[in-house]
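Asker: Here it is, the structure in full.
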Amino acid sequence: MTPELLEKYQQRFKCKFPQAIEAFAENLGKAMDIMPEQQVYQYLDGANFLCSIGQGVEPVLVFLEEMPIIIVTLGVDSIKSITKYGYQLARSPNKAALIPFLKSLRLISEHIKNTENLKLYFTVIDEFIDKTQTVIHGHNSLYESSGLVPLLENMSKLLAKLDLTGVSNFVDYGARNYHDAPDQQIEYFSLASHDAKSIINRERKGTTFKQIEHKLIMAKDCLWECDLPITHFSTDLDQIRIPQPYLDDEVIAVPDVYEDENSVSGLNRYRTMLSHLMSHNKWSSNLMADNYAPQMQLMVSVFEDSRVDVLAMRLYPGLRKYYLALHPYPQKGACDGIKVSTLRYRAARLSRALIDPEFDPEDDLMQEMRKEFNGLLSSGKPSSTQEMSKLGTKYFIRSRQDSDSLPTMFFDNTEVSYRDDNRCFWYHYEEYDEADEIVPNEYQNDEKIVDSADSLPPRFYDEWDYISQSYRPDWTTVYERLHPSGEANKIDQLMSKHGELAKRLKTMIEILKPQNKKRIRFQEEGEELDLDIALRSLIDFKSGQIPDLRINYSTTTDSRNIAVMLLVDSSESLNNINPETGQSLLELSQEALAITAWTIDKLGDKFAIAGFSSDTRSEVRYQHIKGYSENYGNEVKARIAKMQAGYSTRMGAAMRHAAHYLQSQTAEKKLMLVLTDGEPADIDAKDPKTLIKDTKKTVEELQAKGIYSYCITLDKNADSYVEDIFGSHFTVIDHVDRLPEQLPKVFLELTQ
Amino acid sequence: MCAPVALKKHIKEKMDINQYKIEKEPFYKQLSNEVELYQAAYNAKLPMMVKGPTGCGKSRFVEYMAWKLGKPIISVSCNEDITASDLVGRYLLDSNGTRWVDGPLTMAARYGAICYLDEIVEARQDTMVVIHSLTDHRRELSLDKKGELIKAHPDFQLVISYNPGYQSLMKDLKQSTKQRFCGLDFDYANAEDEASIVKTEGKIDIEVANKLVKIGHTARALKGHGLDEGISTRLMVYAAQLINQGIAPIDACKMALVRPITDDADIRETLDNAIELIFG
Ligand SMILES: Nc1ncnc2c1ncn2[C@@H]1O[C@H](COP(=O)(O)OP(=O)(O)O)[C@@H](O)[C@H]1O
Ligand SMILES: [Mg+2]
């Protein structure tokens with residue numbers, strides 16, 4: 001730098017704060033490295049401008065420090081927009097956000113990449129401020145948006161997970177829901193609240209496991225015939241090390257989200273990764289890790305991973321393009337091997353050479369190993385993990401370099417993203433208690449878990465919030481488990497007690513059964529000759545008129561094609577005793593259920609039964625009593641016999657879960673019968689309307705899915721809410737002791 | 001009411017049961033000892049029930065057996081609307097008044113043919129009561145409307161096919177019907193045999209046939225995920241025929257193997273993906 005130029009710059013820089021002058025000196029060199037002279041002037045002008053807006057020296061310091069790097073990504077035009085926006089903040093009630101705003105820009109610029117997006121980004125903040133600045137009555141002034149500072153501080157984290165639309169939705173949700181609750185607003189925008197996590201999860205960019213779970217499970221079943229369940233883990237970018245997929249004896253664990261990579265869609269990345277894991281499952285056998293040095297293990301893994309990949313491509317040739325697209329292609333000479341260890345670099349190149357015949361490793365040893373590897377796998381042979389361990393050991397020994405022991409490892413472009421951590425075939429003599437590497441997904445409801453061997457993995461359902469008129473994503477956690485069993489003959493006894501009723505029902509069933517025939521007359525071709533018509537036609541014919549040829553009749557039957565879900569409230573209140581009979585509501589429900597199940601079974605309709613209760617939104621219990629494919633036999637009866645009551649009634653969540661099964665039934669008509677003794681309620685829903693409105697919403701959702709919901713309630717005071725929820729689809733049972741009689745009747749009437 | 005003797009004779013003369021004989025040997029790949037078992041049942045004149053999923057070769061087998069035994073075969077595809085009269089026969093109107101026409105079952109019993117009722121569960125079960133008297137020791141059929149009692153011809157045999165897969169309670173066979181038959185269980189052939197069937201029937205290379213079979217197996221693994229039935233041998237043969245017409249294998253498979261069996265978008269996508277992986 002010539003003294004003249006320095007002189008020019010110094011003159012241009014007008015800010016006189018001593019700290020600013022110091023910062024100027026420190027950052028000028030950096031700025032000049034990046035920018036030509038003209039742009040440096042613009043940079044200095046920007047600093048001058050911030051110096052003049054009356055916010056002291058700090059904005060200037062941050063600007064001088066950060067701006068050169070921002071310019072690299074966003075270009076020099078961003079200077080004007082940034083200073084202008086800063087000025088706007090400084091004049092507003094949100095002055096305090098100026099510094100966080102400036103400080104956040106550098107990380108943000110990495111995500112938003114150009115000035116177009118920068119403008120969009122400013123709009124997102126503007127909208128947030130618009131919605132959250134509070135106007136105090138009587139005063140004309142505005143108060144700051146309490147969530148703005150935490151929002152800016154966390155913006156780069158948000159942008160790492162969401163695109164700008166996602167951020168905008170996230171911001172919008174928080175602004176609407178915590179408008180009048182500054183503390184909660186702060187918690188939300190600090191990304192600390194449950195809601196914040198749920199919304200981030202909902203808005204995540206890339207393909208989430210949840211979106212493709214069903215497809216992935218089907219791919220696993222149909223391509224690999226494996227029964228292991230699939231679970232997922234968090235790949236939060238804050239984590240020090242992103243965990244790899246893995247497979248063990250119990251589970252297949254996959255990341256919660258995949259972004260597209262090298263034109264492979266998230267879904268196909270999931271499938272490709274699954275193929276790799278499943279190939280291990282199919283072809284890998286165990287190796288004792290203790291027999292190998294860690295670096296040796298790395299090389300053995302390369303051979304074994306490549307072997308199962310080659311076998312998988314043999315079985316499913318279409319996999320090739322995905323494996324090759326996702327596998328790194330480390331260029332020759334990318335790593336010098338002087339200051340850093342090239343172990344991983346070599347491993348990645350070798351691996352590429354083994355699965356990609358087109359790849360030229362330009363390395364004699366690798367060529368030789370490739371030949372040997374191909375020999376072992378030639379003419380359809382699968383080779384074995386053992387043979388790979390020999391190859392790996394051999395390659396490791398022959399390729400060893402001094403630099404292998406250097407502390408710094410060359411990592412760039414060496415990670416094969418579709419591969420797992422290989423714990424599935426490395427075994428240890430002793431299982432030491434190493435901490436579980438898999439961090440539970442922080443963006444899930446991760447509260448207490450119902451412990452039961454019989455329970456399925458929890459499922460999450462949205463819940464409707466009538467105040468904000470929006471869904472709370474994944475708000476409820478439903479645990480499904482098999483209902484415990486009691487004595488089946490208890491149910492048979494109950495049935496015999498109701499012998500009279502059963503007899504009456506039987507006649508009704510006979511009528512409804514699709515055996516009753518209807519006669520359809522005037523058929524040209526039919527089952528029987530319709531004598532009246534035939535004679536008339538014959539007479540017509542004989543008398544020279546054109547006869548009616550439709551002289552037959554046929555019969556048809558009305559067929560029933562119904563799938564039914566009986567959803568039974570088993571909340572605490574069912575323990576109430578009916579003073580007249582001394583029977584509890586629960587016992588009555590059991591009786592009613594037994595008779596209704598018997599009726600439906602006799603009719604031959606498909607049906608399932610489940611009980612539900614809840615203990616806050618994080619524990620909705622769904623008890624499987626009868627599935628569609630199960631017969632109504634002793635097992636089912638035993639479960640009905642064991643029904644117990646406890647906890648609350650989060651009806652919406654239970655209905656959504658039940659609908660999940662009912663929906664997949666093939667039937668013309670789908671009916672969900674909900675038997676309950678009170679309104680939807682739960683201990684964590686303080687506003688009694690919340691769950692009523694949510695259940696109403698559920699009924700609408702079900703309707704849209706072609707499911708007809710109907711409520712039978714034992715609550716005499718149900719009129720106040722049940723109509724709101726179910727419209728006209730409900731029956732209130734006034735004399736509870738008549739439930740066993742009423743329930744099947746209601747069913748029969750609904751379905752005739 | 002009895003049909004005039006002349007008319008009866010008239011029908012007899014015109015009726016040539018041999019038109020129902022199968023001239024050319026149908027291609028049938030024997031999978032186990034089913035041919036011998038069937039032969040024994042035929043010799044004993046026992047009614048037969050062939051059970052198995054759609055398109056696994058039940059009809060082809062029965063056809064083949066008829067050919068092998070040199071007997072005529074009359075097949076009826078059952079459906080919801082089929083009635084007892086459709087099987088037994090009915091009066092029709094013609095210029096001379098009413099005229100009795102034998103149904104396929106009567107014809108087979110009268111003149112000695114194998115009567116094959118395909119997919120019997122599709123018919124309503126009360127209809128099937130008419131076959132009862134033919135399937136026990138009586139081996140006779142009473143034509144109530146005509147007032148005739150037919151003693152079955154010694155060559156007559158009743159064979160039904162039945163798919164236990166999608167039995168709904170409504171559609172299952174009555175116990176009283178089931179209990180009248182000997183049963184032969186059929187299933188899709190093992191991969192190797194199935195490929196050779198697809199190869200011969202579809203006139204394609206064994207490599208392509210193997211791939212079609214592999215795709216079929218992926219779909220069969222999805223039963224219970226919302227697929228009632230997997231991909232049948234029949235559909236594989238269709239796919240092979242399309243490929244034979246010059247259609248790209250991937251398109252042929254999507255069209256012949258996937259679209260017919262599911263409307264579920266997720267399943268469709270999963271199977272399409274499997275096809276792409278298999279054909280590469
Ligand atoms: N064992 C076999 N030998 C020859 N072809 C077979 C065999 N099994 C199935 N097929 C093929 O499958 C097709 C469908 O068989 P089909 O007998 O119509 O099935 P089903 O009666 O069981 O529904 C046949 O047309 C034939 O091409
Ligand atoms: Mg691996």
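Each chain of the structure tokens is named A, B, ... in the order shown, its residues numbered from 1; ligands are numbered from 1 in display order.
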For chain A, report every residue with an atom at most 6 Å from chain B (counting only C-alpha atoms), formatted as a list in words.
Answerer: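 Written out as asked, the residues are Cys222, Leu223, Tyr316, Pro317, Gly318, Leu319, Glu527 and Gly604 of chain A.
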Asker: Convert the current residue selection to file output with all heavy atoms, as a JSON list (two decimals), in the first residue's frame.
Answerer:
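Saved result, selection-v7.json, follows:
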[["chain", "number", "residue", "atom", "x", "y", "z"],
["A", 222, "CYS", "N", -39.98, -54.50, 1.17],
["A", 222, "CYS", "CA", -40.15, -55.15, -0.12],
["A", 222, "CYS", "C", -38.82, -55.43, -0.80],
["A", 222, "CYS", "O", -38.71, -56.40, -1.53],
["A", 222, "CYS", "CB", -41.14, -54.42, -1.01],
["A", 222, "CYS", "SG", -40.52, -53.01, -1.87],
["A", 223, "LEU", "N", -37.81, -54.62, -0.57],
["A", 223, "LEU", "CA", -36.54, -54.88, -1.24],
["A", 223, "LEU", "C", -35.61, -55.74, -0.40],
["A", 223, "LEU", "O", -34.73, -56.41, -0.92],
["A", 223, "LEU", "CB", -35.85, -53.58, -1.61],
["A", 223, "LEU", "CG", -36.56, -52.70, -2.64],
["A", 223, "LEU", "CD1", -35.91, -51.34, -2.73],
["A", 223, "LEU", "CD2", -36.57, -53.38, -4.00],
["A", 316, "TYR", "N", -29.52, -54.99, -7.32],
["A", 316, "TYR", "CA", -30.36, -53.89, -7.79],
["A", 316, "TYR", "C", -29.50, -52.92, -8.60],
["A", 316, "TYR", "O", -28.99, -51.93, -8.06],
["A", 316, "TYR", "CB", -30.99, -53.17, -6.60],
["A", 316, "TYR", "CG", -31.91, -54.06, -5.80],
["A", 316, "TYR", "CD1", -31.65, -54.36, -4.46],
["A", 316, "TYR", "CD2", -33.04, -54.62, -6.39],
["A", 316, "TYR", "CE1", -32.50, -55.19, -3.74],
["A", 316, "TYR", "CE2", -33.89, -55.46, -5.67],
["A", 316, "TYR", "CZ", -33.62, -55.74, -4.35],
["A", 316, "TYR", "OH", -34.44, -56.56, -3.65],
["A", 317, "PRO", "N", -29.34, -53.20, -9.88],
["A", 317, "PRO", "CA", -28.42, -52.38, -10.69],
["A", 317, "PRO", "C", -28.76, -50.88, -10.64],
["A", 317, "PRO", "O", -27.89, -50.04, -10.81],
["A", 317, "PRO", "CB", -28.63, -52.92, -12.10],
["A", 317, "PRO", "CG", -29.25, -54.26, -11.94],
["A", 317, "PRO", "CD", -30.00, -54.25, -10.66],
["A", 318, "GLY", "N", -30.03, -50.56, -10.39],
["A", 318, "GLY", "CA", -30.42, -49.16, -10.35],
["A", 318, "GLY", "C", -29.77, -48.38, -9.22],
["A", 318, "GLY", "O", -29.80, -47.15, -9.19],
["A", 319, "LEU", "N", -29.20, -49.10, -8.25],
["A", 319, "LEU", "CA", -28.54, -48.41, -7.14],
["A", 319, "LEU", "C", -27.27, -47.71, -7.58],
["A", 319, "LEU", "O", -26.83, -46.75, -6.96],
["A", 319, "LEU", "CB", -28.18, -49.41, -6.04],
["A", 319, "LEU", "CG", -29.27, -49.84, -5.09],
["A", 319, "LEU", "CD1", -28.75, -50.94, -4.19],
["A", 319, "LEU", "CD2", -29.73, -48.66, -4.25],
["A", 527, "GLU", "N", -82.78, -64.13, -13.83],
["A", 527, "GLU", "CA", -82.63, -65.37, -13.12],
["A", 527, "GLU", "C", -83.84, -66.26, -13.38],
["A", 527, "GLU", "O", -83.72, -67.46, -13.58],
["A", 527, "GLU", "CB", -82.58, -64.99, -11.65],
["A", 527, "GLU", "CG", -82.04, -66.00, -10.75],
["A", 527, "GLU", "CD", -81.89, -65.34, -9.38],
["A", 527, "GLU", "OE1", -81.70, -64.11, -9.34],
["A", 527, "GLU", "OE2", -81.99, -66.06, -8.40],
["A", 604, "GLY", "N", -70.74, -59.50, 10.32],
["A", 604, "GLY", "CA", -69.63, -59.71, 9.40],
["A", 604, "GLY", "C", -68.95, -58.43, 8.97],
["A", 604, "GLY", "O", -68.19, -58.42, 8.02]]
Asker: Enumerate residues in contact with ligand 1: an atom-to-atom distance of at most 9 Å, counting only C-alpha atoms and all ligand atoms. Format the result as a ChimeraX atom specification.
Answerer: /B:26-31,50-63,118-119,161-163,186-189,193-194,196-198,200-202,232-238
Asker: Could you save those same residues with N, CA and C atoms as a compact mmCIF listing (two decimals), in the first residue's frame?
Answerer:
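To be explicit, this is the file written out as selection.txt:
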# COMPACT_ATOMS: atom_id res chain seq x y z
N PRO B 26 -52.00 -77.40 -23.51
CA PRO B 26 -51.68 -76.09 -22.93
C PRO B 26 -50.32 -76.17 -22.23
N PHE B 27 -49.59 -75.08 -22.26
CA PHE B 27 -48.31 -75.08 -21.53
C PHE B 27 -48.61 -75.04 -20.05
N TYR B 28 -48.17 -76.06 -19.36
CA TYR B 28 -48.29 -76.01 -17.91
C TYR B 28 -47.03 -76.56 -17.29
N LYS B 29 -46.44 -75.81 -16.42
CA LYS B 29 -45.24 -76.26 -15.76
C LYS B 29 -45.64 -76.90 -14.44
N GLN B 30 -45.38 -78.18 -14.38
CA GLN B 30 -45.74 -78.88 -13.16
C GLN B 30 -44.82 -78.44 -12.02
N LEU B 31 -45.42 -78.19 -10.85
CA LEU B 31 -44.62 -77.62 -9.77
C LEU B 31 -44.32 -78.62 -8.68
N VAL B 50 -59.44 -76.09 -6.09
CA VAL B 50 -58.05 -75.62 -6.18
C VAL B 50 -57.97 -74.24 -5.53
N LYS B 51 -57.13 -74.17 -4.55
CA LYS B 51 -57.03 -72.94 -3.75
C LYS B 51 -55.74 -72.22 -4.07
N GLY B 52 -55.77 -70.91 -4.03
CA GLY B 52 -54.53 -70.17 -4.22
C GLY B 52 -54.82 -68.75 -4.67
N PRO B 53 -53.81 -67.89 -4.61
CA PRO B 53 -54.00 -66.48 -4.97
C PRO B 53 -54.30 -66.31 -6.46
N THR B 54 -54.84 -65.17 -6.79
CA THR B 54 -55.18 -64.85 -8.19
C THR B 54 -53.96 -64.99 -9.09
N GLY B 55 -54.19 -65.53 -10.26
CA GLY B 55 -53.16 -65.53 -11.28
C GLY B 55 -51.96 -66.40 -10.98
N CYS B 56 -52.14 -67.44 -10.18
CA CYS B 56 -50.97 -68.28 -9.87
C CYS B 56 -50.99 -69.54 -10.71
N GLY B 57 -51.98 -69.70 -11.58
CA GLY B 57 -51.96 -70.85 -12.48
C GLY B 57 -53.04 -71.89 -12.21
N LYS B 58 -54.03 -71.57 -11.40
CA LYS B 58 -55.07 -72.53 -11.08
C LYS B 58 -55.86 -72.92 -12.33
N SER B 59 -56.29 -71.91 -13.06
CA SER B 59 -57.11 -72.19 -14.24
C SER B 59 -56.29 -72.94 -15.28
N ARG B 60 -55.06 -72.49 -15.43
CA ARG B 60 -54.21 -73.14 -16.41
C ARG B 60 -54.04 -74.61 -16.08
N PHE B 61 -53.91 -74.88 -14.80
CA PHE B 61 -53.73 -76.26 -14.35
C PHE B 61 -54.95 -77.11 -14.70
N VAL B 62 -56.11 -76.58 -14.39
CA VAL B 62 -57.34 -77.36 -14.62
C VAL B 62 -57.51 -77.61 -16.12
N GLU B 63 -57.22 -76.60 -16.90
CA GLU B 63 -57.30 -76.71 -18.34
C GLU B 63 -56.34 -77.81 -18.84
N ASP B 118 -64.85 -70.99 -11.71
CA ASP B 118 -63.66 -70.22 -11.37
C ASP B 118 -64.01 -69.11 -10.39
N GLU B 119 -63.16 -68.89 -9.40
CA GLU B 119 -63.35 -67.85 -8.39
C GLU B 119 -64.73 -67.94 -7.75
N SER B 161 -62.44 -73.14 -8.13
CA SER B 161 -61.22 -72.48 -7.69
C SER B 161 -61.60 -71.43 -6.68
N TYR B 162 -60.69 -71.18 -5.81
CA TYR B 162 -61.05 -70.42 -4.62
C TYR B 162 -59.81 -69.70 -4.13
N ASN B 163 -59.94 -68.40 -3.91
CA ASN B 163 -58.81 -67.60 -3.47
C ASN B 163 -58.98 -67.24 -2.01
N PHE B 186 -52.50 -74.19 -4.10
CA PHE B 186 -51.59 -73.61 -5.08
C PHE B 186 -50.97 -72.35 -4.52
N ASP B 187 -49.79 -72.05 -4.99
CA ASP B 187 -49.21 -70.75 -4.64
C ASP B 187 -48.35 -70.34 -5.82
N TYR B 188 -47.85 -69.11 -5.78
CA TYR B 188 -46.95 -68.71 -6.85
C TYR B 188 -45.76 -69.67 -6.82
N ALA B 189 -45.29 -70.01 -8.01
CA ALA B 189 -44.18 -70.94 -8.10
C ALA B 189 -42.94 -70.30 -7.47
N ASP B 193 -38.87 -71.46 -11.03
CA ASP B 193 -39.95 -71.98 -11.88
C ASP B 193 -40.79 -70.85 -12.44
N GLU B 194 -41.03 -69.85 -11.59
CA GLU B 194 -41.87 -68.76 -12.05
C GLU B 194 -41.18 -68.05 -13.22
N SER B 196 -39.17 -69.33 -15.32
CA SER B 196 -39.22 -70.14 -16.54
C SER B 196 -40.62 -70.10 -17.15
N ILE B 197 -41.66 -70.00 -16.30
CA ILE B 197 -43.03 -69.84 -16.82
C ILE B 197 -43.15 -68.52 -17.58
N VAL B 198 -42.65 -67.45 -16.94
CA VAL B 198 -42.75 -66.12 -17.56
C VAL B 198 -41.97 -66.09 -18.87
N THR B 200 -41.34 -68.65 -20.93
CA THR B 200 -42.02 -69.40 -21.98
C THR B 200 -43.31 -68.69 -22.41
N GLU B 201 -44.11 -68.29 -21.44
CA GLU B 201 -45.39 -67.66 -21.76
C GLU B 201 -45.20 -66.30 -22.42
N GLY B 202 -44.21 -65.55 -21.93
CA GLY B 202 -44.03 -64.20 -22.43
C GLY B 202 -43.03 -64.14 -23.58
N SER B 232 -49.21 -61.05 -9.58
CA SER B 232 -49.41 -62.46 -9.93
C SER B 232 -48.53 -62.87 -11.10
N THR B 233 -48.41 -64.17 -11.27
CA THR B 233 -47.68 -64.69 -12.42
C THR B 233 -48.32 -64.15 -13.70
N ARG B 234 -49.63 -64.08 -13.67
CA ARG B 234 -50.33 -63.60 -14.86
C ARG B 234 -49.84 -62.20 -15.26
N LEU B 235 -49.74 -61.32 -14.24
CA LEU B 235 -49.31 -59.95 -14.55
C LEU B 235 -47.87 -59.93 -15.07
N MET B 236 -47.05 -60.82 -14.53
CA MET B 236 -45.67 -60.89 -15.02
C MET B 236 -45.65 -61.28 -16.49
N VAL B 237 -46.54 -62.20 -16.84
CA VAL B 237 -46.62 -62.62 -18.24
C VAL B 237 -47.06 -61.43 -19.09
N TYR B 238 -48.01 -60.66 -18.57
CA TYR B 238 -48.44 -59.45 -19.30
C TYR B 238 -47.26 -58.52 -19.54
Asker: Pull the helix (DSSP H, G or I) assignments for stretch 257-306 of chain A out of DSSP run on the backbone, and list those residues as a compact mmCIF listing (two decimals) with C-alpha atoms, in the first residue's frame.
Answerer:
# COMPACT_ATOMS: atom_id res chain seq x y z
CA GLY A 266 -33.69 -36.53 0.08
CA LEU A 267 -35.97 -39.51 -0.40
CA ASN A 268 -33.49 -41.27 -2.64
CA ARG A 269 -30.71 -40.52 -0.18
CA TYR A 270 -32.75 -42.25 2.49
CA ARG A 271 -33.31 -45.21 0.22
CA THR A 272 -29.66 -45.43 -0.77
CA MET A 273 -28.52 -45.28 2.83
CA LEU A 274 -31.08 -47.92 3.72
CA SER A 275 -29.76 -50.15 0.94
CA HIS A 276 -26.28 -49.90 2.36
CA LEU A 277 -27.44 -50.80 5.86
CA MET A 278 -29.57 -53.62 4.59
CA SER A 279 -26.67 -54.95 2.56
CA HIS A 280 -24.66 -55.27 5.75
CA ASN A 281 -27.61 -57.01 7.28
CA LYS A 282 -27.72 -59.43 4.41
CA TRP A 283 -24.05 -60.07 3.71
CA ALA A 289 -12.68 -55.09 16.72
CA ASP A 290 -10.13 -55.80 19.45
CA ASN A 291 -8.02 -57.74 16.98
CA PRO A 294 -8.20 -48.51 14.72
CA GLN A 295 -6.48 -47.50 11.49
CA MET A 296 -6.65 -51.06 10.32
CA GLN A 297 -10.32 -51.14 11.11
CA LEU A 298 -10.78 -48.16 8.87
CA MET A 299 -9.29 -49.97 5.90
CA VAL A 300 -11.10 -53.22 6.60
CA SER A 301 -14.31 -51.23 6.73
CA VAL A 302 -13.57 -49.74 3.34
CA PHE A 303 -13.32 -53.17 1.78
CA GLU A 304 -16.36 -54.50 3.58
CA ASP A 305 -18.47 -51.44 2.78
CA SER A 306 -17.44 -51.62 -0.85
Asker: Please indicate the distance in Å from atom CA of A:Glu741 to atom CA of A:Ser629, rounded to one decimal place.
Answerer: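 Atom-to-atom, atom CA of A:Glu741 and atom CA of A:Ser629 are spaced 26.2 Å apart.
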Asker: Select, from A:Tyr708, A:Asp465, A:Gly727, A:Cys335, the residue with the minimum atom-to-atom distance to A:Leu750, counting only C-alpha atoms.
Answerer: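 The answer is A:Tyr708, which sits nearest to A:Leu750.
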Asker: Distance limit 6 Å, reference ligand 2, atoms considered: only C-alpha atoms and all ligand atoms. Which residues make the cut? Give them as JSON, numbers by chain.
Answerer: {"A": [305, 419, 420, 422]}
Asker: Would you mind exporting N, CA, C and O atoms of the selected residues as a compact mmCIF listing (two decimals), in the first residue's frame?
Answerer:
# COMPACT_ATOMS: atom_id res chain seq x y z
N ASP A 305 -17.43 -52.34 3.29
CA ASP A 305 -18.47 -51.44 2.78
C ASP A 305 -18.58 -51.55 1.27
O ASP A 305 -19.67 -51.63 0.71
N ARG A 419 -23.16 -44.20 4.11
CA ARG A 419 -22.70 -45.36 4.86
C ARG A 419 -22.89 -45.17 6.36
O ARG A 419 -22.98 -44.06 6.86
N ASP A 420 -22.89 -46.28 7.06
CA ASP A 420 -23.17 -46.28 8.49
C ASP A 420 -21.87 -46.35 9.28
O ASP A 420 -20.78 -46.32 8.71
N ASN A 422 -20.86 -48.84 10.93
CA ASN A 422 -20.37 -50.22 10.89
C ASN A 422 -20.35 -50.92 12.24
O ASN A 422 -19.69 -51.96 12.38
Asker: Set the distance at 7 Å and use only C-alpha atoms: which residues neighbour B:Ile206 once local chain neighbours fewer than 3 positions away are removed? I'd like the list as a JSON list (two decimals) with N, CA, C and O atoms, in the first residue's frame.
Answerer:
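selection_34.json was written with the following content:
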[["chain", "number", "residue", "atom", "x", "y", "z"],
["B", 195, "ALA", "N", -39.88, -67.85, -13.09],
["B", 195, "ALA", "CA", -39.16, -67.20, -14.19],
["B", 195, "ALA", "C", -39.25, -68.03, -15.45],
["B", 195, "ALA", "O", -39.42, -67.49, -16.55],
["B", 196, "SER", "N", -39.17, -69.33, -15.32],
["B", 196, "SER", "CA", -39.22, -70.14, -16.54],
["B", 196, "SER", "C", -40.62, -70.10, -17.15],
["B", 196, "SER", "O", -40.78, -70.12, -18.37],
["B", 199, "LYS", "N", -40.85, -66.75, -18.87],
["B", 199, "LYS", "CA", -40.02, -66.80, -20.06],
["B", 199, "LYS", "C", -40.78, -67.48, -21.21],
["B", 199, "LYS", "O", -40.89, -66.95, -22.31],
["B", 209, "ALA", "N", -36.92, -62.25, -17.54],
["B", 209, "ALA", "CA", -37.92, -62.97, -16.75],
["B", 209, "ALA", "C", -37.53, -62.98, -15.28],
["B", 209, "ALA", "O", -38.37, -62.76, -14.40],
["B", 210, "ASN", "N", -36.24, -63.18, -15.02],
["B", 210, "ASN", "CA", -35.78, -63.17, -13.63],
["B", 210, "ASN", "C", -36.07, -61.84, -12.96],
["B", 210, "ASN", "O", -36.47, -61.78, -11.80]]
Asker: Counting only C-alpha atoms, which of A:Asn413, A:Ser52, A:Ser104, A:Thr342 gets nearest to A:Ser399?
Answerer: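 Among the listed residues, the smallest separation from A:Ser399 belongs to A:Thr342.
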Asker: Which residues are close to B:Val258, i.e. within 8 Å by only C-alpha atoms, leaving aside same-chain residues fewer than 2 positions away? Reply as a ChimeraX atom specification.
Answerer: /B:231,253-256,260-262,268,271-272
Asker: So how many Å separate atom CA of A:Ala592 and atom CA of A:Ile712, to one decimal?
Answerer: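 It comes out at 11.3 Å.
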